[in-house]
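S.K.: Just dropping this structure here.
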Amino acid sequence: MVEGPQAVREALAAGAVLDLYVTPDATSRHGALVEDAAARGAVTRPVTSEVLAAMADTVTPQGLIAVCRLVGVPLTVVTDARPRLVAVLAQVRDPGNAGTVVRAADAAGADAVILTGASVDVHNPKCVRSTAGSLFHLPVVTGATLAEAVGGLRAAGLTVYAADGAGECDLDDLLDDVTRGEPGGLAGPTAWVFGNEAWGLPDADRALADASVRVPVHGSAESLNLATAATVCLYASARAQRRGGGCRRQQ
């Protein structure tokens, strides 16, 4: 279920919309969008505001709801494409955080997002809203175990980093290595593993990665939330892949 004109527009562009429910007021305000839906073969269903409000997950719906095909793809679709930047969510339960990471990955130019087994369903309405349409811009894998995801990504040539507040590598050091032109590290194909909002990554999950990386906190904040840390890490990789890089471990 996708709500609102922006998200519906992105879903239509991806060819994902099956049915579009629209109120008379929304039809007048978004006539071009409704016409586009019909042209793309979506079934348009006029409904009253009361009916749409009953269908919607939001408190103040915007008059448009699309029913879309599911977005999940197999892990092999991602690994066979030889990606350079991938976000992996391990037991991430909060739909808002998961959706925001999908949006950040899209903005950073990542090639895919993987939600491993115990993570939230990416089709959760709040998760879908939080992606702001990015859910339809890049492949999303669901259901793989973390071990399967890491193994497949490593076999595809990616270095796998686990984001962790007590990581052995400092993200600033990784970026300094890029500036010096040292080989490997963030400059090569990279996957980032992000853990649960409350407890992070268990030791066994962290051990699957090639290294664990901490985002430095230069002020007095206790930590960064998951979505913010993920955005910082993904953008660091995106920048590094335009330069060249390596890793200096914590002494």
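The chains in the structure tokens are called A, B, ... from first to last as shown; in each chain the residues are counted from 1, and the ligands are counted from 1 in the order shown.
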If you count only C-alpha atoms, which residues fall within 8 Å of range 5-21 of chain A, apart from same-chain ones fewer than 4 positions away, as a PDB file with N, CA, C and O atoms, in the first residue's frame?
M.R.:
ATOM      1  N   HIS A  30      -4.748  16.013  -8.982  1.00  0.00           N
ATOM      2  CA  HIS A  30      -3.658  15.200  -9.541  1.00  0.00           C
ATOM      3  C   HIS A  30      -4.128  14.468 -10.788  1.00  0.00           C
ATOM      4  O   HIS A  30      -3.880  13.273 -10.964  1.00  0.00           O
ATOM      5  N   LEU A  33      -1.542  12.566 -12.887  1.00  0.00           N
ATOM      6  CA  LEU A  33      -1.096  11.331 -12.253  1.00  0.00           C
ATOM      7  C   LEU A  33      -2.121  10.222 -12.471  1.00  0.00           C
ATOM      8  O   LEU A  33      -1.769   9.079 -12.776  1.00  0.00           O
ATOM      9  N   ASP A  36      -1.899   9.061 -15.968  1.00  0.00           N
ATOM     10  CA  ASP A  36      -0.697   8.239 -16.149  1.00  0.00           C
ATOM     11  C   ASP A  36      -0.941   6.818 -15.647  1.00  0.00           C
ATOM     12  O   ASP A  36      -0.516   5.840 -16.270  1.00  0.00           O
ATOM     13  N   ALA A  37      -1.631   6.705 -14.515  1.00  0.00           N
ATOM     14  CA  ALA A  37      -1.937   5.381 -13.972  1.00  0.00           C
ATOM     15  C   ALA A  37      -2.767   4.568 -14.959  1.00  0.00           C
ATOM     16  O   ALA A  37      -2.486   3.390 -15.210  1.00  0.00           O
ATOM     17  N   ARG A  40      -0.751   3.373 -17.890  1.00  0.00           N
ATOM     18  CA  ARG A  40       0.182   2.295 -17.563  1.00  0.00           C
ATOM     19  C   ARG A  40      -0.538   0.995 -17.212  1.00  0.00           C
ATOM     20  O   ARG A  40       0.097   0.022 -16.810  1.00  0.00           O
ATOM     21  N   GLY A  41      -1.856   0.981 -17.335  1.00  0.00           N
ATOM     22  CA  GLY A  41      -2.591  -0.251 -17.122  1.00  0.00           C
ATOM     23  C   GLY A  41      -3.069  -0.490 -15.708  1.00  0.00           C
ATOM     24  O   GLY A  41      -3.620  -1.558 -15.407  1.00  0.00           O
ATOM     25  N   ALA A  42      -2.870   0.479 -14.817  1.00  0.00           N
ATOM     26  CA  ALA A  42      -3.371   0.326 -13.453  1.00  0.00           C
ATOM     27  C   ALA A  42      -4.890   0.514 -13.452  1.00  0.00           C
ATOM     28  O   ALA A  42      -5.426   1.320 -14.207  1.00  0.00           O
ATOM     29  N   VAL A  43      -5.564  -0.218 -12.605  1.00  0.00           N
ATOM     30  CA  VAL A  43      -7.020  -0.088 -12.478  1.00  0.00           C
ATOM     31  C   VAL A  43      -7.316   1.070 -11.539  1.00  0.00           C
ATOM     32  O   VAL A  43      -6.895   1.071 -10.378  1.00  0.00           O
ATOM     33  N   THR A  44      -8.015   2.084 -12.033  1.00  0.00           N
ATOM     34  CA  THR A  44      -8.350   3.250 -11.219  1.00  0.00           C
ATOM     35  C   THR A  44      -9.726   3.054 -10.592  1.00  0.00           C
ATOM     36  O   THR A  44     -10.695   2.762 -11.296  1.00  0.00           O
ATOM     37  N   ARG A  45      -9.795   3.221  -9.281  1.00  0.00           N
ATOM     38  CA  ARG A  45     -11.037   2.966  -8.550  1.00  0.00           C
ATOM     39  C   ARG A  45     -11.435   4.233  -7.775  1.00  0.00           C
ATOM     40  O   ARG A  45     -10.817   4.548  -6.755  1.00  0.00           O
ATOM     41  N   PRO A  46     -12.431   4.971  -8.233  1.00  0.00           N
ATOM     42  CA  PRO A  46     -12.906   6.151  -7.495  1.00  0.00           C
ATOM     43  C   PRO A  46     -13.532   5.729  -6.165  1.00  0.00           C
ATOM     44  O   PRO A  46     -14.293   4.763  -6.104  1.00  0.00           O
ATOM     45  N   VAL A  47     -13.184   6.458  -5.098  1.00  0.00           N
ATOM     46  CA  VAL A  47     -13.744   6.172  -3.779  1.00  0.00           C
ATOM     47  C   VAL A  47     -14.064   7.486  -3.075  1.00  0.00           C
ATOM     48  O   VAL A  47     -13.531   8.539  -3.425  1.00  0.00           O
ATOM     49  N   LEU A  52     -11.577   6.091   1.607  1.00  0.00           N
ATOM     50  CA  LEU A  52     -10.120   6.179   1.542  1.00  0.00           C
ATOM     51  C   LEU A  52      -9.524   6.351   2.940  1.00  0.00           C
ATOM     52  O   LEU A  52      -8.475   5.772   3.247  1.00  0.00           O
ATOM     53  N   GLN A  62      -3.953  11.772   1.728  1.00  0.00           N
ATOM     54  CA  GLN A  62      -3.918  12.793   0.682  1.00  0.00           C
ATOM     55  C   GLN A  62      -4.778  12.439  -0.527  1.00  0.00           C
ATOM     56  O   GLN A  62      -4.633  13.052  -1.580  1.00  0.00           O
ATOM     57  N   GLY A  63      -5.668  11.459  -0.375  1.00  0.00           N
ATOM     58  CA  GLY A  63      -6.635  11.182  -1.427  1.00  0.00           C
ATOM     59  C   GLY A  63      -6.215  10.170  -2.463  1.00  0.00           C
ATOM     60  O   GLY A  63      -6.958   9.893  -3.403  1.00  0.00           O
ATOM     61  N   LEU A  64      -5.006   9.608  -2.316  1.00  0.00           N
ATOM     62  CA  LEU A  64      -4.505   8.628  -3.285  1.00  0.00           C
ATOM     63  C   LEU A  64      -3.898   7.446  -2.544  1.00  0.00           C
ATOM     64  O   LEU A  64      -3.036   7.625  -1.667  1.00  0.00           O
ATOM     65  N   ILE A  65      -4.308   6.244  -2.884  1.00  0.00           N
ATOM     66  CA  ILE A  65      -3.680   5.039  -2.355  1.00  0.00           C
ATOM     67  C   ILE A  65      -3.490   4.065  -3.512  1.00  0.00           C
ATOM     68  O   ILE A  65      -4.429   3.784  -4.262  1.00  0.00           O
ATOM     69  N   ALA A  66      -2.286   3.564  -3.657  1.00  0.00           N
ATOM     70  CA  ALA A  66      -2.000   2.576  -4.698  1.00  0.00           C
ATOM     71  C   ALA A  66      -1.700   1.230  -4.057  1.00  0.00           C
ATOM     72  O   ALA A  66      -1.001   1.154  -3.039  1.00  0.00           O
ATOM     73  N   VAL A  67      -2.236   0.189  -4.642  1.00  0.00           N
ATOM     74  CA  VAL A  67      -1.854  -1.174  -4.280  1.00  0.00           C
ATOM     75  C   VAL A  67      -0.804  -1.607  -5.292  1.00  0.00           C
ATOM     76  O   VAL A  67      -1.041  -1.561  -6.510  1.00  0.00           O
ATOM     77  N   CYS A  68       0.360  -1.999  -4.794  1.00  0.00           N
ATOM     78  CA  CYS A  68       1.506  -2.268  -5.669  1.00  0.00           C
ATOM     79  C   CYS A  68       1.973  -3.713  -5.550  1.00  0.00           C
ATOM     80  O   CYS A  68       1.721  -4.388  -4.552  1.00  0.00           O
ATOM     81  N   ARG A  69       2.698  -4.144  -6.544  1.00  0.00           N
ATOM     82  CA  ARG A  69       3.333  -5.455  -6.478  1.00  0.00           C
ATOM     83  C   ARG A  69       4.407  -5.428  -5.394  1.00  0.00           C
ATOM     84  O   ARG A  69       4.955  -4.364  -5.061  1.00  0.00           O
ATOM     85  N   ARG A 129       6.273   4.477   3.714  1.00  0.00           N
ATOM     86  CA  ARG A 129       6.221   5.948   3.753  1.00  0.00           C
ATOM     87  C   ARG A 129       7.596   6.538   4.003  1.00  0.00           C
ATOM     88  O   ARG A 129       7.953   7.564   3.412  1.00  0.00           O
ATOM     89  N   ALA A 132       9.957   7.318   1.119  1.00  0.00           N
ATOM     90  CA  ALA A 132       9.614   8.460   0.250  1.00  0.00           C
ATOM     91  C   ALA A 132       9.758   8.119  -1.236  1.00  0.00           C
ATOM     92  O   ALA A 132      10.224   8.936  -2.032  1.00  0.00           O
ATOM     93  N   GLY A 133       9.392   6.895  -1.593  1.00  0.00           N
ATOM     94  CA  GLY A 133       9.458   6.483  -2.996  1.00  0.00           C
ATOM     95  C   GLY A 133      10.727   5.752  -3.374  1.00  0.00           C
ATOM     96  O   GLY A 133      10.790   5.113  -4.428  1.00  0.00           O
ATOM     97  N   SER A 134      11.774   5.815  -2.534  1.00  0.00           N
ATOM     98  CA  SER A 134      13.035   5.157  -2.864  1.00  0.00           C
ATOM     99  C   SER A 134      12.919   3.638  -2.907  1.00  0.00           C
ATOM    100  O   SER A 134      13.754   2.968  -3.507  1.00  0.00           O
ATOM    101  N   PHE A 136      11.182   1.999  -4.681  1.00  0.00           N
ATOM    102  CA  PHE A 136      11.008   1.585  -6.066  1.00  0.00           C
ATOM    103  C   PHE A 136      12.212   1.938  -6.944  1.00  0.00           C
ATOM    104  O   PHE A 136      12.164   1.744  -8.158  1.00  0.00           O
ATOM    105  N   HIS A 137      13.282   2.441  -6.334  1.00  0.00           N
ATOM    106  CA  HIS A 137      14.432   2.892  -7.116  1.00  0.00           C
ATOM    107  C   HIS A 137      15.593   1.914  -7.138  1.00  0.00           C
ATOM    108  O   HIS A 137      16.485   2.043  -7.977  1.00  0.00           O
TER     109      HIS A 137
END
S.K.: Write out as a list in words the residues lying within 10 Å of Val160 in chain A, counting only C-alpha atoms and excluding same-chain residues fewer than 5 positions away.
M.R.: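 These residues fall inside the cut-off: Leu85, Val86, Ala87, Val88, Val150, Gly151, Leu153, Arg154, Gly185, Leu186, Pro189, Thr190, Ala191, Trp192, Val193, Leu208, Ala209, Asp210, Ala211 and Ser212 of chain A.
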S.K.: With a distance cut-off of 8 Å and only C-alpha atoms, select the neighbouring residues of Pro95 in chain A, excluding the residue or stretch itself and same-chain residues fewer than 2 positions from it, and output the selection as a PyMOL selection string.
M.R.: chain A and resi 93+97-99+120-122+124+126-127+130
S.K.: Generate a file of the selected residues that holds C-alpha atoms, formatted as a PDB file, in the first residue's frame.
M.R.:
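Final output, result.pdb:
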ATOM      1  CA  ARG A  93      12.769  -3.823  13.742  1.00  0.00           C
ATOM      2  CA  ASN A  97      14.429   3.450  10.635  1.00  0.00           C
ATOM      3  CA  ALA A  98      14.396   0.751   7.976  1.00  0.00           C
ATOM      4  CA  GLY A  99      12.589   2.983   5.497  1.00  0.00           C
ATOM      5  CA  VAL A 120      10.850  -5.546   9.748  1.00  0.00           C
ATOM      6  CA  ASP A 121       8.763  -6.295   6.652  1.00  0.00           C
ATOM      7  CA  VAL A 122       9.780  -3.701   4.069  1.00  0.00           C
ATOM      8  CA  ASN A 124       5.041  -2.281   6.391  1.00  0.00           C
ATOM      9  CA  LYS A 126       5.313   3.116   7.903  1.00  0.00           C
ATOM     10  CA  CYS A 127       8.409   1.638   6.277  1.00  0.00           C
ATOM     11  CA  SER A 130       9.670   6.470   5.241  1.00  0.00           C
TER      12      SER A 130
END
S.K.: Do you have the CA of Thr131 in chain A-CA of Leu158 in chain A distance handy?
M.R.: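 Atom-to-atom, CA of Thr131 in chain A to CA of Leu158 in chain A, that is 24.8 Å.
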S.K.: Give me the residues near Gly167 in chain A as a list in words, where near means some atom within 9 Å (using only C-alpha atoms) and where sequence neighbours in that chain fewer than 3 positions away do not count.
M.R.: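 Skipping anything fewer than 3 positions along the chain leaves Ala162, Ala163, Asp164, Asp170, Ala211, Ser212, Val213, Arg214, Val215 and Gln250 of chain A.
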S.K.: Could you please write out, as a PDB file with N, CA, C and O atoms, in the first residue's frame, every residue of range 86-200 of chain A that DSSP assigns to strand (DSSP E or B)?
M.R.:
ATOM      1  N   VAL A  86      26.255  -1.629  -0.908  1.00  0.00           N
ATOM      2  CA  VAL A  86      25.033  -2.296  -0.455  1.00  0.00           C
ATOM      3  C   VAL A  86      24.846  -2.033   1.034  1.00  0.00           C
ATOM      4  O   VAL A  86      25.813  -2.059   1.801  1.00  0.00           O
ATOM      5  N   ALA A  87      23.608  -1.777   1.446  1.00  0.00           N
ATOM      6  CA  ALA A  87      23.261  -1.659   2.866  1.00  0.00           C
ATOM      7  C   ALA A  87      22.557  -2.937   3.301  1.00  0.00           C
ATOM      8  O   ALA A  87      21.653  -3.409   2.618  1.00  0.00           O
ATOM      9  N   VAL A  88      22.997  -3.489   4.433  1.00  0.00           N
ATOM     10  CA  VAL A  88      22.416  -4.718   4.975  1.00  0.00           C
ATOM     11  C   VAL A  88      21.835  -4.410   6.352  1.00  0.00           C
ATOM     12  O   VAL A  88      22.555  -3.917   7.227  1.00  0.00           O
ATOM     13  N   LEU A  89      20.558  -4.695   6.545  1.00  0.00           N
ATOM     14  CA  LEU A  89      19.906  -4.458   7.829  1.00  0.00           C
ATOM     15  C   LEU A  89      19.736  -5.791   8.548  1.00  0.00           C
ATOM     16  O   LEU A  89      19.092  -6.707   8.028  1.00  0.00           O
ATOM     17  N   ALA A 112      21.792  -1.654  -3.763  1.00  0.00           N
ATOM     18  CA  ALA A 112      20.754  -2.523  -3.206  1.00  0.00           C
ATOM     19  C   ALA A 112      20.688  -2.346  -1.703  1.00  0.00           C
ATOM     20  O   ALA A 112      21.622  -1.829  -1.071  1.00  0.00           O
ATOM     21  N   VAL A 113      19.578  -2.805  -1.132  1.00  0.00           N
ATOM     22  CA  VAL A 113      19.409  -2.907   0.315  1.00  0.00           C
ATOM     23  C   VAL A 113      18.948  -4.331   0.612  1.00  0.00           C
ATOM     24  O   VAL A 113      18.096  -4.874  -0.099  1.00  0.00           O
ATOM     25  N   ILE A 114      19.522  -4.934   1.648  1.00  0.00           N
ATOM     26  CA  ILE A 114      19.156  -6.289   2.054  1.00  0.00           C
ATOM     27  C   ILE A 114      18.611  -6.228   3.477  1.00  0.00           C
ATOM     28  O   ILE A 114      19.285  -5.722   4.379  1.00  0.00           O
ATOM     29  N   LEU A 115      17.392  -6.723   3.682  1.00  0.00           N
ATOM     30  CA  LEU A 115      16.818  -6.838   5.023  1.00  0.00           C
ATOM     31  C   LEU A 115      16.836  -8.309   5.399  1.00  0.00           C
ATOM     32  O   LEU A 115      16.127  -9.119   4.795  1.00  0.00           O
ATOM     33  N   VAL A 140      15.610  -4.510  -3.534  1.00  0.00           N
ATOM     34  CA  VAL A 140      15.510  -4.775  -2.103  1.00  0.00           C
ATOM     35  C   VAL A 140      15.360  -6.287  -1.918  1.00  0.00           C
ATOM     36  O   VAL A 140      14.454  -6.904  -2.478  1.00  0.00           O
ATOM     37  N   VAL A 141      16.258  -6.862  -1.130  1.00  0.00           N
ATOM     38  CA  VAL A 141      16.245  -8.295  -0.842  1.00  0.00           C
ATOM     39  C   VAL A 141      15.619  -8.498   0.531  1.00  0.00           C
ATOM     40  O   VAL A 141      15.949  -7.779   1.484  1.00  0.00           O
ATOM     41  N   THR A 142      14.741  -9.462   0.658  1.00  0.00           N
ATOM     42  CA  THR A 142      14.155  -9.782   1.956  1.00  0.00           C
ATOM     43  C   THR A 142      14.290 -11.278   2.216  1.00  0.00           C
ATOM     44  O   THR A 142      14.320 -12.084   1.288  1.00  0.00           O
ATOM     45  N   THR A 159      33.913  -5.879   0.229  1.00  0.00           N
ATOM     46  CA  THR A 159      34.386  -5.883   1.605  1.00  0.00           C
ATOM     47  C   THR A 159      33.195  -5.558   2.495  1.00  0.00           C
ATOM     48  O   THR A 159      32.444  -4.625   2.214  1.00  0.00           O
ATOM     49  N   VAL A 160      33.027  -6.326   3.563  1.00  0.00           N
ATOM     50  CA  VAL A 160      31.852  -6.176   4.429  1.00  0.00           C
ATOM     51  C   VAL A 160      32.260  -5.518   5.739  1.00  0.00           C
ATOM     52  O   VAL A 160      33.100  -6.045   6.476  1.00  0.00           O
ATOM     53  N   TYR A 161      31.699  -4.358   6.020  1.00  0.00           N
ATOM     54  CA  TYR A 161      31.952  -3.632   7.254  1.00  0.00           C
ATOM     55  C   TYR A 161      30.716  -3.680   8.144  1.00  0.00           C
ATOM     56  O   TYR A 161      29.589  -3.499   7.672  1.00  0.00           O
ATOM     57  N   ALA A 162      30.937  -3.912   9.414  1.00  0.00           N
ATOM     58  CA  ALA A 162      29.863  -3.853  10.403  1.00  0.00           C
ATOM     59  C   ALA A 162      29.942  -2.510  11.114  1.00  0.00           C
ATOM     60  O   ALA A 162      30.990  -2.153  11.673  1.00  0.00           O
ATOM     61  N   ALA A 163      28.862  -1.739  11.083  1.00  0.00           N
ATOM     62  CA  ALA A 163      28.832  -0.467  11.806  1.00  0.00           C
ATOM     63  C   ALA A 163      28.586  -0.760  13.279  1.00  0.00           C
ATOM     64  O   ALA A 163      27.595  -1.396  13.638  1.00  0.00           O
ATOM     65  N   CYS A 169      37.856  -0.062  13.702  1.00  0.00           N
ATOM     66  CA  CYS A 169      38.277   0.982  12.768  1.00  0.00           C
ATOM     67  C   CYS A 169      37.451   2.237  12.995  1.00  0.00           C
ATOM     68  O   CYS A 169      36.268   2.164  13.333  1.00  0.00           O
ATOM     69  N   ASP A 170      38.094   3.374  12.801  1.00  0.00           N
ATOM     70  CA  ASP A 170      37.415   4.659  12.908  1.00  0.00           C
ATOM     71  C   ASP A 170      37.074   5.136  11.498  1.00  0.00           C
ATOM     72  O   ASP A 170      37.928   5.098  10.601  1.00  0.00           O
ATOM     73  N   THR A 190      31.814  -2.130  -1.410  1.00  0.00           N
ATOM     74  CA  THR A 190      31.612  -2.172   0.038  1.00  0.00           C
ATOM     75  C   THR A 190      30.169  -2.491   0.401  1.00  0.00           C
ATOM     76  O   THR A 190      29.237  -1.987  -0.221  1.00  0.00           O
ATOM     77  N   ALA A 191      30.015  -3.325   1.440  1.00  0.00           N
ATOM     78  CA  ALA A 191      28.705  -3.541   2.044  1.00  0.00           C
ATOM     79  C   ALA A 191      28.776  -3.124   3.500  1.00  0.00           C
ATOM     80  O   ALA A 191      29.762  -3.410   4.188  1.00  0.00           O
ATOM     81  N   TRP A 192      27.751  -2.446   3.971  1.00  0.00           N
ATOM     82  CA  TRP A 192      27.646  -2.038   5.371  1.00  0.00           C
ATOM     83  C   TRP A 192      26.547  -2.838   6.054  1.00  0.00           C
ATOM     84  O   TRP A 192      25.432  -2.928   5.534  1.00  0.00           O
ATOM     85  N   VAL A 193      26.869  -3.409   7.219  1.00  0.00           N
ATOM     86  CA  VAL A 193      25.877  -4.131   8.008  1.00  0.00           C
ATOM     87  C   VAL A 193      25.478  -3.259   9.194  1.00  0.00           C
ATOM     88  O   VAL A 193      26.338  -2.821   9.971  1.00  0.00           O
ATOM     89  N   PHE A 194      24.176  -3.005   9.333  1.00  0.00           N
ATOM     90  CA  PHE A 194      23.645  -2.193  10.423  1.00  0.00           C
ATOM     91  C   PHE A 194      22.747  -3.063  11.294  1.00  0.00           C
ATOM     92  O   PHE A 194      21.886  -3.784  10.792  1.00  0.00           O
ATOM     93  N   ASN A 196      20.461  -3.955  15.115  1.00  0.00           N
ATOM     94  CA  ASN A 196      19.233  -3.568  15.788  1.00  0.00           C
ATOM     95  C   ASN A 196      19.378  -2.240  16.507  1.00  0.00           C
ATOM     96  O   ASN A 196      20.435  -1.918  17.040  1.00  0.00           O
ATOM     97  N   GLY A 200      22.251  -3.260  18.815  1.00  0.00           N
ATOM     98  CA  GLY A 200      23.302  -3.276  17.812  1.00  0.00           C
ATOM     99  C   GLY A 200      23.495  -4.660  17.208  1.00  0.00           C
ATOM    100  O   GLY A 200      22.547  -5.400  16.980  1.00  0.00           O
TER     101      GLY A 200
END
S.K.: Hey, can you check how far CA of Arg84 in chain A sits from CA of Leu138 in chain A?
M.R.: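 Separation between CA of Arg84 in chain A and CA of Leu138 in chain A: 13.0 Å.
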S.K.: Could you work out how far CA of Val92 in chain A lies from CA of Ser119 in chain A, giving the answer in Å with one decimal?
M.R.: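 For CA of Ser119 in chain A relative to CA of Val92 in chain A, the distance reads 4.6 Å.
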S.K.: Tell me, as a ChimeraX atom specification, which residues lie within 9 Å of Asn225 in chain A, counting only C-alpha atoms; anything in the same chain fewer than 3 positions away does not count.
M.R.: /A:97,197,228-230
S.K.: Pick from A:Met1, A:Leu201, A:Val51, A:Leu174: nearest to Ser237 in chain A, with only C-alpha atoms counted?
M.R.: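 Residue with the minimum atom-to-atom distance to Ser237 in chain A: A:Leu174.
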